[in-house]
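Structure file target-v2.cif; described as mmCIF, C-alpha atoms and all ligand atoms.
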data_coords
loop_
_atom_site.label_atom_id
_atom_site.label_comp_id
_atom_site.auth_asym_id
_atom_site.auth_seq_id
_atom_site.Cartn_x
_atom_site.Cartn_y
_atom_site.Cartn_z
CA MET U 755 0.00 0.00 0.00
CA GLU U 756 1.23 3.50 -0.77
CA THR U 757 1.01 5.88 2.17
CA GLN U 758 -0.26 9.36 1.24
CA VAL U 759 1.22 12.25 3.23
CA ARG U 760 -0.93 15.39 3.53
CA ARG U 761 0.64 18.55 4.94
CA LEU U 762 -1.85 20.70 6.82
CA SER U 763 -1.60 24.20 8.17
CA TYR U 764 -3.16 25.26 11.47
CA SER U 765 -3.91 28.76 10.17
CA GLN U 766 -6.22 27.26 7.55
CA ILE U 767 -7.12 23.62 8.08
CA ASP U 768 -7.91 22.12 4.67
CA GLU U 769 -11.42 20.66 4.94
CA THR U 770 -11.03 18.53 1.81
CA MET U 771 -7.99 16.75 3.26
CA ILE U 772 -9.74 16.25 6.60
CA GLU U 773 -12.79 14.82 4.80
CA GLU U 774 -10.57 12.47 2.80
CA ALA U 775 -8.83 11.25 5.98
CA GLY U 776 -12.17 10.82 7.78
CA ARG U 777 -13.52 8.76 4.90
CA ILE U 778 -10.54 6.36 5.14
CA ILE U 779 -11.33 5.74 8.83
CA ARG U 780 -15.06 5.26 8.21
CA LYS U 781 -14.18 2.65 5.58
CA GLY U 782 -11.99 0.75 8.06
CA GLY U 783 -8.56 2.11 7.06
CA LEU U 784 -5.77 3.72 9.10
CA VAL U 785 -4.58 7.33 9.27
CA ALA U 786 -1.75 8.74 11.43
CA PHE U 787 -2.54 12.21 12.76
CA PRO U 788 -0.90 14.92 14.89
CA THR U 789 -1.94 15.58 18.48
CA GLU U 790 -0.44 17.91 21.08
CA THR U 791 1.25 14.92 22.81
CA VAL U 792 2.64 12.64 20.07
CA TYR U 793 1.38 11.40 16.67
CA GLY U 794 -1.46 8.88 16.86
CA LEU U 795 -2.15 5.89 14.61
CA GLY U 796 -5.89 6.13 14.14
CA GLY U 797 -8.61 3.66 13.22
CA ASP U 798 -12.37 3.46 13.87
CA ALA U 799 -12.59 2.68 17.61
CA LEU U 800 -16.00 1.04 17.22
CA ASN U 801 -14.86 -1.33 14.46
CA PRO U 802 -12.96 -4.39 15.75
CA GLU U 803 -11.37 -4.97 12.33
CA SER U 804 -9.82 -1.48 12.42
CA SER U 805 -8.34 -2.11 15.86
CA LYS U 806 -6.85 -5.39 14.64
CA LYS U 807 -5.25 -3.50 11.75
CA ILE U 808 -3.72 -1.02 14.20
CA TYR U 809 -2.09 -3.83 16.19
CA ALA U 810 -0.78 -5.41 12.99
CA ALA U 811 0.63 -2.12 11.59
CA LYS U 812 2.49 -1.39 14.84
CA GLY U 813 3.50 -4.97 15.57
CA ARG U 814 1.86 -4.38 18.96
CA PRO U 815 0.79 -7.21 21.31
CA SER U 816 -3.03 -7.33 21.17
CA ASP U 817 -3.45 -7.33 24.96
CA ASN U 818 -2.17 -3.75 25.04
CA PRO U 819 -5.31 -1.58 24.83
CA LEU U 820 -5.78 1.48 22.62
CA ILE U 821 -6.87 4.96 23.70
CA VAL U 822 -10.18 6.16 22.21
CA HIS U 823 -9.97 9.78 21.04
CA ILE U 824 -13.04 11.98 20.97
CA ALA U 825 -13.62 15.58 19.86
CA ASP U 826 -16.68 16.48 21.95
CA LYS U 827 -17.10 15.93 25.70
CA ARG U 828 -20.65 14.66 25.36
CA ASP U 829 -19.41 11.76 23.20
CA LEU U 830 -17.78 10.27 26.31
CA TYR U 831 -21.25 9.42 27.64
CA ARG U 832 -21.97 7.35 24.53
CA ILE U 833 -19.21 4.80 25.16
CA VAL U 834 -18.90 4.43 28.95
CA ARG U 835 -21.19 3.01 31.64
CA GLU U 836 -20.81 5.90 34.06
CA VAL U 837 -18.80 9.07 34.52
CA PRO U 838 -17.80 9.55 38.20
CA GLU U 839 -18.08 13.07 39.66
CA LYS U 840 -14.30 13.39 39.94
CA ALA U 841 -13.92 12.54 36.27
CA LYS U 842 -16.40 15.31 35.41
CA LYS U 843 -14.24 17.76 37.34
CA LEU U 844 -11.04 16.60 35.63
CA MET U 845 -12.79 16.81 32.28
CA GLU U 846 -13.81 20.43 32.98
CA ALA U 847 -10.28 21.32 34.07
CA PHE U 848 -8.13 19.45 31.52
CA TRP U 849 -10.16 18.53 28.43
CA PRO U 850 -9.37 19.11 25.69
CA GLY U 851 -5.78 18.30 26.61
CA PRO U 852 -3.09 15.72 27.41
CA LEU U 853 -5.12 13.68 29.93
CA THR U 854 -6.46 10.16 29.30
CA MET U 855 -9.07 8.77 31.71
CA ILE U 856 -10.15 5.15 32.16
CA PHE U 857 -13.83 4.20 32.59
CA TYR U 858 -15.99 1.07 32.48
CA LYS U 859 -16.91 0.68 28.82
CA ASN U 860 -20.34 -0.08 27.38
CA GLU U 861 -21.17 -2.57 24.61
CA LEU U 862 -20.48 -0.08 21.79
CA VAL U 863 -16.74 -0.45 22.36
CA PRO U 864 -15.38 -3.75 21.03
CA GLN U 865 -12.97 -5.83 23.11
CA ALA U 866 -10.52 -5.67 20.22
CA THR U 867 -10.08 -1.96 21.04
CA THR U 868 -9.60 -2.47 24.79
CA GLY U 869 -7.29 -5.49 24.59
CA GLY U 870 -10.03 -7.65 26.09
CA LEU U 871 -10.55 -5.36 29.11
CA ASP U 872 -13.87 -4.24 30.53
CA THR U 873 -12.56 -0.68 30.76
CA VAL U 874 -11.77 1.89 28.08
CA ALA U 875 -9.23 4.71 28.00
CA VAL U 876 -10.59 7.99 26.57
CA ARG U 877 -8.92 11.26 25.66
CA MET U 878 -10.05 14.50 24.03
CA PRO U 879 -7.00 16.10 22.36
CA SER U 880 -6.67 19.88 22.11
CA ASP U 881 -4.89 19.76 18.75
CA ARG U 882 -7.23 21.38 16.20
CA ILE U 883 -6.27 19.11 13.29
CA ALA U 884 -6.88 16.08 15.53
CA ALA U 885 -10.31 17.40 16.56
CA ALA U 886 -11.40 18.10 12.97
CA PHE U 887 -10.14 14.68 11.85
CA ILE U 888 -11.88 12.82 14.72
CA ARG U 889 -15.20 14.50 13.86
CA ALA U 890 -14.79 13.67 10.16
CA ALA U 891 -13.96 10.07 11.11
CA GLY U 892 -17.24 9.59 12.97
CA GLY U 893 -16.28 10.76 16.47
CA PHE U 894 -14.39 7.79 17.96
CA VAL U 895 -10.82 7.20 16.85
CA ALA U 896 -8.75 4.47 18.52
CA ALA U 897 -5.13 5.52 18.47
CA PRO U 898 -1.97 4.33 20.11
CA SER U 899 1.23 6.24 19.44
CA ALA U 900 2.15 6.08 15.73
CA ASN U 901 5.40 4.15 16.05
CA VAL U 902 6.49 0.58 15.49
CA SER U 903 6.07 -1.21 18.84
CA GLY U 904 9.18 -0.81 20.99
CA ARG U 905 10.51 2.29 19.20
CA PRO U 906 10.21 5.83 20.61
CA SER U 907 6.84 7.50 20.00
CA THR U 908 6.72 9.82 16.99
CA THR U 909 6.68 13.60 17.30
CA THR U 910 6.93 14.51 13.58
CA ALA U 911 5.31 13.18 10.40
CA ALA U 912 8.78 12.22 9.13
CA HIS U 913 9.19 9.89 12.13
CA VAL U 914 5.79 8.34 11.38
CA GLU U 915 6.86 7.78 7.75
CA GLU U 916 10.08 6.14 8.95
CA ASP U 917 8.10 3.59 10.99
CA LEU U 918 4.79 3.10 9.18
CA SER U 919 5.18 4.04 5.52
CA GLY U 920 3.58 1.35 3.35
CA ARG U 921 1.50 0.01 6.26
CA ILE U 922 -1.20 2.70 6.56
CA GLU U 923 -3.31 4.68 4.10
CA MET U 924 -2.45 8.23 5.13
CA ILE U 925 -0.38 10.50 7.36
CA LEU U 926 -1.67 13.97 8.29
CA ASP U 927 1.38 16.18 8.79
CA GLY U 928 0.81 18.96 11.34
CA GLY U 929 4.49 19.66 12.09
CA GLN U 930 6.21 18.97 15.40
CA ALA U 931 4.12 17.84 18.39
CA VAL U 932 4.10 20.58 21.03
CA ILE U 933 4.36 18.44 24.19
CA GLY U 934 6.34 15.51 22.81
CA LEU U 935 5.44 12.95 25.51
CA GLU U 936 2.33 10.76 25.66
CA SER U 937 -0.70 11.79 27.75
CA THR U 938 -1.08 11.33 31.48
CA ILE U 939 -3.24 8.26 32.15
CA VAL U 940 -5.48 8.16 35.22
CA ASP U 941 -7.76 5.26 36.12
CA MET U 942 -11.16 6.68 37.14
CA SER U 943 -12.75 3.22 37.47
CA VAL U 944 -11.30 2.94 40.99
CA GLU U 945 -11.51 5.14 44.08
CA PRO U 946 -9.26 6.97 44.75
CA PRO U 947 -8.23 7.36 41.09
CA VAL U 948 -4.78 5.98 40.19
CA ILE U 949 -2.19 7.57 37.91
CA LEU U 950 -0.97 4.84 35.56
CA ARG U 951 1.36 6.97 33.42
CA PRO U 952 2.80 10.42 34.22
CA GLY U 953 2.43 13.15 31.58
CA ALA U 954 2.00 16.90 31.10
CA VAL U 955 -1.04 16.99 33.39
CA THR U 956 0.74 16.37 36.68
CA GLU U 957 -0.33 14.76 39.94
CA GLU U 958 -0.29 18.19 41.64
CA MET U 959 -2.48 19.72 38.92
CA MET U 960 -5.10 16.98 39.31
CA GLU U 961 -4.89 16.95 43.10
CA ALA U 962 -5.73 20.65 43.15
CA VAL U 963 -9.03 19.78 41.42
CA ILE U 964 -10.14 16.45 42.98
CA GLY U 965 -7.97 15.86 46.06
CA PRO U 966 -5.66 12.91 46.70
CA LEU U 967 -4.76 10.43 43.94
CA GLU U 968 -2.67 7.30 44.04
CA VAL U 969 0.23 6.52 41.76
CA ASP U 970 0.61 3.03 40.27
CA LYS U 971 3.46 1.36 42.17
CA ALA U 972 4.91 0.06 38.94
CA ILE U 973 5.75 3.70 38.05
CA ILE U 974 7.37 4.52 41.39
CA ALA U 975 9.31 1.28 41.90
CA PRO U 976 9.69 -0.38 38.52
CA ASP U 977 11.95 -3.13 39.85
CA SER U 978 9.55 -4.19 42.61
CA GLY U 979 7.99 -6.88 40.44
CA VAL U 980 4.59 -5.16 40.74
CA LYS U 981 2.51 -5.75 37.63
CA PRO U 982 1.59 -2.39 36.06
CA LYS U 983 -2.14 -1.70 35.74
CA ALA U 984 -1.74 -0.08 32.30
CA PRO U 985 -0.91 -3.20 30.28
CA GLY U 986 1.29 -1.15 27.92
CA MET U 987 3.61 -0.14 30.73
CA LYS U 988 4.99 -3.67 31.07
CA TYR U 989 6.40 -3.80 27.56
CA ARG U 990 9.90 -2.74 26.59
CA HIS U 991 9.65 0.78 25.27
CA TYR U 992 11.60 3.38 23.38
CA ALA U 993 14.83 1.43 23.69
CA PRO U 994 17.52 2.86 21.43
CA ARG U 995 19.83 0.43 19.57
CA ALA U 996 22.76 1.48 21.75
CA ASP U 997 23.05 0.72 25.46
CA LEU U 998 21.60 3.66 27.39
CA ALA U 999 22.34 4.56 31.01
CA VAL U 1000 21.06 7.55 32.99
CA VAL U 1001 23.55 9.30 35.27
CA GLU U 1002 21.99 10.90 38.36
CA GLY U 1003 23.54 13.35 40.85
CA SER U 1004 24.54 16.99 41.18
CA THR U 1005 25.23 18.73 37.84
CA GLU U 1006 28.99 18.92 38.34
CA ALA U 1007 29.24 15.31 39.52
CA VAL U 1008 27.18 14.11 36.55
CA ILE U 1009 29.36 15.99 34.05
CA ALA U 1010 32.52 14.57 35.61
CA ALA U 1011 31.11 11.03 35.71
CA ILE U 1012 29.88 11.09 32.12
CA ASN U 1013 33.26 12.41 30.93
CA GLN U 1014 35.03 9.61 32.77
CA LEU U 1015 32.63 6.94 31.49
CA ALA U 1016 33.02 8.29 27.94
CA GLU U 1017 36.80 8.19 28.19
CA GLU U 1018 36.76 4.60 29.49
CA ALA U 1019 34.33 3.46 26.80
CA GLU U 1020 36.37 5.10 24.04
CA ALA U 1021 39.51 3.46 25.41
CA GLU U 1022 37.72 0.14 24.87
CA GLY U 1023 37.10 1.14 21.26
CA LYS U 1024 33.41 1.98 21.76
CA ARG U 1025 31.63 4.94 20.21
CA VAL U 1026 29.91 7.07 22.80
CA GLY U 1027 26.77 9.19 22.67
CA ILE U 1028 25.84 11.76 25.30
CA ILE U 1029 22.38 13.19 26.00
CA ALA U 1030 23.00 16.68 27.39
CA THR U 1031 21.30 20.06 27.70
CA ASP U 1032 22.06 23.50 26.24
CA GLU U 1033 23.59 24.51 29.57
CA THR U 1034 26.02 21.54 29.68
CA LYS U 1035 26.66 20.41 26.10
CA ASP U 1036 30.00 22.23 25.77
CA ARG U 1037 31.37 20.50 28.85
CA TYR U 1038 31.73 17.12 27.12
CA PRO U 1039 34.93 16.98 25.05
CA LYS U 1040 34.40 13.35 23.94
CA GLY U 1041 31.62 11.46 22.22
CA LEU U 1042 28.69 12.55 20.07
CA VAL U 1043 26.78 15.09 22.15
CA LEU U 1044 23.11 15.85 21.45
CA SER U 1045 21.22 18.43 23.48
CA LEU U 1046 17.56 18.06 24.47
CA GLY U 1047 17.23 21.84 24.88
CA ALA U 1048 17.47 24.23 27.79
CA ARG U 1049 17.24 22.57 31.19
CA LYS U 1050 15.55 25.68 32.57
CA HIS U 1051 12.67 25.05 30.10
CA GLU U 1052 11.64 21.50 30.92
CA GLU U 1053 8.97 21.58 28.20
CA GLU U 1054 11.79 21.80 25.63
CA ILE U 1055 13.42 18.70 27.10
CA ALA U 1056 10.11 16.83 26.90
CA GLN U 1057 9.50 17.97 23.34
CA HIS U 1058 12.86 16.69 22.06
CA LEU U 1059 13.41 13.48 24.03
CA PHE U 1060 11.96 10.99 21.53
CA GLU U 1061 13.53 12.85 18.61
CA VAL U 1062 17.00 12.62 20.17
CA LEU U 1063 16.56 8.90 20.92
CA ARG U 1064 15.64 8.39 17.27
CA ASP U 1065 18.58 10.54 16.12
CA PHE U 1066 20.97 8.27 18.02
CA ASP U 1067 19.53 5.26 16.18
CA GLU U 1068 20.75 6.90 12.96
CA THR U 1069 24.32 6.94 14.27
CA ASP U 1070 26.77 4.15 15.05
CA VAL U 1071 27.20 4.86 18.77
CA ASP U 1072 27.50 1.74 20.97
CA CYS U 1073 26.56 3.30 24.29
CA ILE U 1074 24.77 6.45 25.42
CA TYR U 1075 25.01 8.29 28.73
CA SER U 1076 22.23 10.69 29.62
CA GLU U 1077 21.92 13.36 32.22
CA ALA U 1078 18.93 12.93 34.55
CA PHE U 1079 16.09 15.44 34.98
CA ASP U 1080 14.47 17.12 37.92
CA GLU U 1081 11.34 15.57 39.28
CA ALA U 1082 9.33 18.82 39.19
CA SER U 1083 6.36 19.59 36.88
CA ILE U 1084 6.82 17.54 33.68
CA GLY U 1085 10.05 16.07 35.12
CA PRO U 1086 8.46 12.80 36.32
CA ALA U 1087 7.08 12.19 32.83
CA ILE U 1088 10.49 12.87 31.25
CA MET U 1089 12.27 10.60 33.73
CA ASN U 1090 9.65 7.86 33.31
CA ARG U 1091 10.27 7.69 29.53
CA LEU U 1092 14.04 8.08 29.86
CA LEU U 1093 14.29 5.30 32.47
CA LYS U 1094 12.17 2.99 30.34
CA ALA U 1095 14.39 3.71 27.36
CA ALA U 1096 17.38 2.84 29.54
CA GLY U 1097 15.79 -0.36 30.84
CA HIS U 1098 16.12 1.35 34.26
CA LYS U 1099 19.90 1.41 34.12
CA VAL U 1100 20.84 4.24 36.47
CA ILE U 1101 24.30 5.29 37.62
CA GLN U 1102 24.22 7.29 40.87
CA VAL U 1103 27.12 9.68 41.40
P1 LIG X 1 -0.09 4.48 23.66
O1 LIG X 1 -1.30 5.11 23.09
O2 LIG X 1 0.75 3.77 22.67
O3 LIG X 1 0.66 5.43 24.48
O4 LIG X 1 -0.62 3.33 24.60
C1 LIG X 1 -1.80 3.47 25.33
C2 LIG X 1 -1.54 3.23 26.78
O5 LIG X 1 -2.77 3.28 27.47
C3 LIG X 1 -0.95 1.86 27.04
O6 LIG X 1 0.08 1.97 28.00
C4 LIG X 1 -2.13 1.10 27.57
O7 LIG X 1 -1.73 0.06 28.38
C5 LIG X 1 -2.92 2.18 28.31
N1 LIG X 1 -4.34 1.82 28.38
C6 LIG X 1 -5.24 1.91 27.39
N2 LIG X 1 -6.45 1.45 27.79
C7 LIG X 1 -6.32 1.06 29.08
C8 LIG X 1 -7.20 0.49 30.04
N3 LIG X 1 -8.47 0.22 29.75
N4 LIG X 1 -6.69 0.21 31.27
C9 LIG X 1 -5.41 0.51 31.57
N5 LIG X 1 -4.54 1.03 30.68
C10 LIG X 1 -4.97 1.32 29.46
MG MG X 2 3.02 3.94 22.61
#

Turn this file's structure into structure tokens for me.
Ligand code: AMP
Ligand code: MG
Amino acid sequence: METQVRRLSYSQIDETMIEEAGRIIRKGGLVAFPTETVYGLGGDALNPESSKKIYAAKGRPSDNPLIVHIADKRDLYRIVREVPEKAKKLMEAFWPGPLTMIFYKNELVPQATTGGLDTVAVRMPSDRIAAAFIRAAGGFVAAPSANVSGRPSTTTAAHVEEDLSGRIEMILDGGQAVIGLESTIVDMSVEPPVILRPGAVTEEMMEAVIGPLEVDKAIIAPDSGVKPKAPGMKYRHYAPRADLAVVEGSTEAVIAAINQLAEEAEAEGKRVGIIATDETKDRYPKGLVLSLGARKHEEEIAQHLFEVLRDFDETDVDCIYSEAFDEASIGPAIMNRLLKAAGHKVIQV
């Protein structure tokens, strides 16, 4: 199959292209589309055959459920059994936006979409191209991140092409994703609600609206052997080809440690990559240094993380050392993805 790429502009969203993309979904095909978090690989959420195609295109295990994307809040009520009061409050505060909530599903949602679960994950993206596309597609678009399973999520249409060209009908190109990390996931089917994946909507932001939340133990202590509640969290993710380790400690200690590790690795004939920041990138005389952006703007770090992991896959480095990030605001989400990419290999200095 030949994958059509359609470039759209936010200043004037081309209705003909949106209609064309919507028609593909309504006929059971697949379209990758931009959202404010990462690119999504969309299919009709209410059609089990479409969901099966999504799993096949990504090479994703079929017990790993998809997120259903909607464009109007009232559509939530059409696919779930009940909407708890706290979910209504979160919806008012953070939808449209980078927050996914889990509810008990009703019979309209096929098990193929929810990986056999009785619950469904729902999100209403704020991206305007995404919203127009979802409406044109019939209102319910199942979409995991638009990457081949195991690779970093995609934040540009070029990354989507790299992974999925020839496997899907169309890619809507809306430029670079603004947030760059997948949505926060919170399970509203339990009380108190549980955060299953950290994202741009933080624990503090939600707590200010609905009071205390719990955090899935598999996020806090990944080596504890606790089975994560979000099935997707148990799979190997984002792993670059090269061995990645995260170096944690004070800035000066981290710089010194990475320089020493780089020197030792090069002495063994290895090629070294370093994930740094604008503030520190000139402090590494050895290795291939890529910056994630300014540390003082954590949103920049988030926006570039997956891109930099992909960039390293284009090089011949054997090992990568990364600086760690602060645990404030979007920091936990950055560290969660980085640690998964590193298979939780952390060097404390
Ligand atoms: P992705 O869209 O690729 O970021 O993957 C969707 C994430 O949402 C995966 O980690 C899934 O495990 C999680 N997810 C989707 N539906 C559910 C659900 N009903 N219960 C728990 N986690 C879910
Ligand atoms: Mg994903």

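For the choices U:Asn818, U:Thr770, U:Ser1045, U:Ser943, the atom-to-atom distance to ligand MG 2 (chain X) is smallest for U:Asn818 when using only C-alpha atoms and all ligand atoms.
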
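Between CA of Gly1023 in chain U and CA of Tyr1075 in chain U the interatomic distance comes to 15.9 Å.
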
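Of the residues listed (U:Val1008, U:Val902, U:Ala954, U:Ile779), U:Val902 shows the shortest atom-to-atom separation from ligand MG 2 (chain X); distances use only C-alpha atoms and all ligand atoms.
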
Name the residues in contact with Gly1027 in chain U at a cut-off of 7 Å, using only C-alpha atoms, excluding same-chain residues fewer than 5 positions from it; report them as an MDAnalysis selection string. chainID U and resid 1041:1043 1071 1073:1075

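Straight-line separation from CA of Arg889 in chain U to CA of Val759 in chain U: 19.7 Å.
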